[in-house]
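A.B. asks: If you scroll down you'll find the structure; I have some questions about it.
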Amino acid sequence: MRGFEKPSIKTEIPGPESRMLSQRLKAVECQNVTYLAEDYPIFLNKSDATNVWDVDGNRYVDLTSFFGVSFIGHNHPLIRRCLGEPDLVNGLGDVLPSVSKVELLEEINRLLGGGYVGILGQNGSDAVESAIKTAYLYTGKPGVIAFNGAYHGLSLGALMATYNPKFKDPFRAYLPDNTIYFVFPTSLEESDAVGREIEDHLRSRNDVGLVILELIQARGGVKIVPKDFVKRLAELSKEYDVVLAFDEIYTGCGRCGRLFLYEYYGVQPDVIILGKALSSSFPLSVMMAKEHIMKAWPKSGGEAIHTSTFLGHPLMSKVALEVLRYIEKEKLWKVAEKSGEYLMKKLLNLREKHPDCVKDVRGMGLLVGIELNGISAFELSKELLKMGYIVLPSGLNGEVLEITPPVIVSKEIIDDFIQVLSRVLEQWTSIQK
């Protein structure tokens with residue numbers, strides 16, 4: 001079935017066309033952006049459902065949704081219909097808005113249960129910066145609490161909350177020193193200890209206006225925060241007049257077995273940040289905050305103090321609106337939960353088979369991480385690419401193989417991938433011995 005086919009590798013990886021494009025890109029792009037090497041990358045030119053093809057005609061199975069974006073699958077008919085019948089392809093987002101911008105914000109607010117007001121953006125960093133600005137305007141306090149391993153974007157504003165020194169250190173001189181990082185707890189014992197530390201910090205100072213948290217740290221290694229900690233954090237935020245923001249850019253819109261992952265935790269955030277699966281294709285994000293908080297923003301007098309050229313782009317808004325309606329109609333979060341349970345079962349069996357290589361398997365829905373022991377997830381991902389499977393490394397030290405397939409992934413695709421991964425791990429084990 002087209003779009004659900006097994007890999008078909010016809011050339012060496014990367015093939016000759018990809019190698020040529022690497023040289024062309026090397027000449028015109030900043031050397032820090034795309035990793036270019038003899039064995040990486042491939043260049044893509046076609047996609048459909050769970051398959052993508054490179055310029056050399058090789059067919060791959062995508063198990064990343066391209067950073068979690070293509071949740072409903074690549075080149076989905078719904079999105080093609082939106083692109084084929086655009087009534088408006090451009091707009092003046094904060095001056096002469098489109099109907100789709102209004103309808104999209106209304107729909108997101110409805111899905112959140114009402115009482116939220118939003119600011120649209122083009123990527124996760126945009127939405128995170130909106131959250132930081134909103135919290136400061138509302139509380140008048142510039143301090144931010146974030147967590148070790150956090151990834152909230154790489155623009156200067158978002159870097160205030162991102163943890164990894166690799167991203168922050170080159171621009172440290174431009175970053176304000178008003179963020180404190182706490183351990184990201186993954187157990188009840190850590191939750192109790194970190195909760196007490198945060199409470200002590202809030203009690204001793206009155207400068208924290210924002211707590212920003214990923215319920216699952218995707219790029220941080222697919223680490224999951226316990227329920228008790230989230231509830232305690234919500235209590236502390238309310239007690240000390242702090243805005244509580246959940247960064248659900250990766251986990252929101254169905255991927256983790258709930259429409260929004262906060263539903264699993266039973267905590268309604270002051271702010272929720274969404275992106276990726278929100279449009280399942282195009283650059284669009286949103287920061288939604290409770291109505292009373294958003295009233296801290298001054299009314300526009302004709303010149304917005306926070307906007308951008310493509311804010312609320314009509315076509316992007318239309319696509320996101322149709323995607324959200326489709327996700328809700330088909331209850332795709334339930335599909336993700338069921339497929340995730342199957343994937344997790346297979347990976348746990350793999351861990352039993354390869355205990356020396358696989359240290360842990362964790363995740364929710366179709367956001368799953370395989371923590372490796374003595375193996376680089378980046379090197380393993382390159383080996384799997386040669387076999388026709390696209391996966392990504394994550395974790396501060398690249399120790400976790402991240403699996404985030406489109407929600408339409410089939411059991412057959414999962415089974416085939418597990419078999420290939422098992423063979424590769426067997427080869428690595430034999431080499432180490």
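Letters for chains follow the order of the structure tokens (A, B, ...), residue numbers begin at 1 for each chain, and ligand numbers begin at 1 in the order shown.
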I'd like the contact shell of segment 351-364 of chain A - 8 Å cut-off, only C-alpha atoms, skipping same-chain residues fewer than 4 positions apart - returned as a PyMOL selection string.
C.D. replies: chain A and resi 222-224+256-257+337+340+344+347+368-375+422+425-426+429
A.B. asks: Using N, CA and C atoms, can you write the selected residues to a file as an mmCIF file, in the first residue's frame?
C.D. replies:
```cif
data_model
loop_
_atom_site.group_PDB
_atom_site.id
_atom_site.type_symbol
_atom_site.label_atom_id
_atom_site.label_comp_id
_atom_site.auth_asym_id
_atom_site.auth_seq_id
_atom_site.Cartn_x
_atom_site.Cartn_y
_atom_site.Cartn_z
ATOM 1 N N VAL A 222 13.270 11.974 26.419
ATOM 2 C CA VAL A 222 11.964 11.363 26.676
ATOM 3 C C VAL A 222 11.836 11.019 28.165
ATOM 4 N N LYS A 223 11.988 12.037 28.983
ATOM 5 C CA LYS A 223 11.838 11.878 30.430
ATOM 6 C C LYS A 223 10.455 12.367 30.833
ATOM 7 N N ILE A 224 9.814 11.619 31.746
ATOM 8 C CA ILE A 224 8.423 11.874 32.107
ATOM 9 C C ILE A 224 8.342 12.351 33.548
ATOM 10 N N CYS A 256 0.466 12.016 22.662
ATOM 11 C CA CYS A 256 0.774 11.231 23.864
ATOM 12 C C CYS A 256 -0.444 10.549 24.485
ATOM 13 N N GLY A 257 -1.460 10.278 23.688
ATOM 14 C CA GLY A 257 -2.596 9.529 24.196
ATOM 15 C C GLY A 257 -3.682 10.367 24.830
ATOM 16 N N GLU A 337 -2.539 6.334 21.511
ATOM 17 C CA GLU A 337 -2.399 5.572 22.750
ATOM 18 C C GLU A 337 -2.318 4.076 22.462
ATOM 19 N N GLY A 340 0.887 3.272 20.575
ATOM 20 C CA GLY A 340 2.002 3.431 21.504
ATOM 21 C C GLY A 340 2.143 2.251 22.438
ATOM 22 N N MET A 344 5.428 0.060 22.639
ATOM 23 C CA MET A 344 6.108 -0.100 23.922
ATOM 24 C C MET A 344 6.289 -1.581 24.262
ATOM 25 N N LEU A 347 9.145 -2.924 22.268
ATOM 26 C CA LEU A 347 10.438 -2.401 22.706
ATOM 27 C C LEU A 347 10.861 -2.982 24.051
ATOM 28 N N VAL A 368 8.249 7.978 22.334
ATOM 29 C CA VAL A 368 8.925 6.884 23.026
ATOM 30 C C VAL A 368 10.434 7.043 22.891
ATOM 31 N N GLY A 369 11.143 6.751 23.968
ATOM 32 C CA GLY A 369 12.594 6.819 23.957
ATOM 33 C C GLY A 369 13.222 5.497 24.354
ATOM 34 N N ILE A 370 14.313 5.138 23.672
ATOM 35 C CA ILE A 370 15.093 3.942 23.991
ATOM 36 C C ILE A 370 16.441 4.414 24.520
ATOM 37 N N GLU A 371 16.640 4.293 25.823
ATOM 38 C CA GLU A 371 17.913 4.712 26.401
ATOM 39 C C GLU A 371 18.936 3.609 26.194
ATOM 40 N N LEU A 372 20.042 3.961 25.573
ATOM 41 C CA LEU A 372 21.069 2.993 25.198
ATOM 42 C C LEU A 372 22.195 2.958 26.208
ATOM 43 N N ASN A 373 22.909 1.883 26.210
ATOM 44 C CA ASN A 373 24.034 1.691 27.125
ATOM 45 C C ASN A 373 25.301 1.439 26.312
ATOM 46 N N GLY A 374 26.200 2.417 26.322
ATOM 47 C CA GLY A 374 27.463 2.243 25.614
ATOM 48 C C GLY A 374 27.370 2.400 24.115
ATOM 49 N N ILE A 375 26.248 2.905 23.624
ATOM 50 C CA ILE A 375 26.051 3.095 22.191
ATOM 51 C C ILE A 375 25.584 4.530 21.949
ATOM 52 N N SER A 422 16.776 -4.913 16.147
ATOM 53 C CA SER A 422 17.342 -6.039 16.887
ATOM 54 C C SER A 422 18.592 -6.584 16.195
ATOM 55 N N LEU A 425 21.467 -4.119 16.742
ATOM 56 C CA LEU A 425 21.986 -4.219 18.111
ATOM 57 C C LEU A 425 22.817 -5.493 18.297
ATOM 58 N N GLU A 426 22.410 -6.573 17.673
ATOM 59 C CA GLU A 426 23.183 -7.822 17.738
ATOM 60 C C GLU A 426 24.560 -7.628 17.112
ATOM 61 N N THR A 429 26.677 -5.541 19.454
ATOM 62 C CA THR A 429 27.088 -6.340 20.613
ATOM 63 C C THR A 429 28.253 -7.250 20.254
#
```
A.B. asks: Pick out the residues sitting within 12 Å of Glu263 of chain A, and hand them over as an MDAnalysis selection string; count only C-alpha atoms, and ignore anything fewer than 2 positions along from it in its own chain.
C.D. replies: chainID A and resid 111:113 215 227 230:231 246 248 251:254 256:261 265:269 272 333
A.B. asks: Give me, as an MDAnalysis selection string, the residues of segment 194-383 of chain A that a backbone DSSP run labels alpha helix (DSSP H).
C.D. replies: chainID A and resid 194:204 227:239 262:265 291:294 314:330 332:353 377:383
A.B. asks: Enter the distance from atom CA of Val424 of chain A to atom CA of Met387 of chain A, in Å, rounded to one decimal.
C.D. replies: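 So the answer is 9.3 Å.
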A.B. asks: Go ahead and compute the interatomic distance for atom CA of Gly398 of chain A and atom CA of Cys30 of chain A, in Å to one decimal.
C.D. replies: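 Distance between the two atoms: 23.0 Å.
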A.B. asks: Which one of A:Val33, A:Val319, A:Leu343, A:Ala245 sits closest to Phe282 of chain A if you count only C-alpha atoms?
C.D. replies: A:Val319
A.B. asks: Report the distance between atom CA of Pro283 of chain A and atom CA of Ile249 of chain A in Å, rounded to one decimal place.
C.D. replies: 12.0 Å
A.B. asks: Taking the DSSP secondary structure from the backbone, can you list the residues of segment 45-266 of chain A that are strand (DSSP E or B), as a ChimeraX atom specification?
C.D. replies: /A:45-49,51-54,59-62,74,92,96,116-121,143-147,179-182,208-213,216-217,223-224,243-247
A.B. asks: Just checking: using only C-alpha atoms, which residue out of A:Lys318, A:Arg110, A:Lys345, A:Arg219 ends up closest to Cys82 of chain A?
C.D. replies: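 That would be A:Lys318, the residue with the smallest distance to Cys82 of chain A.
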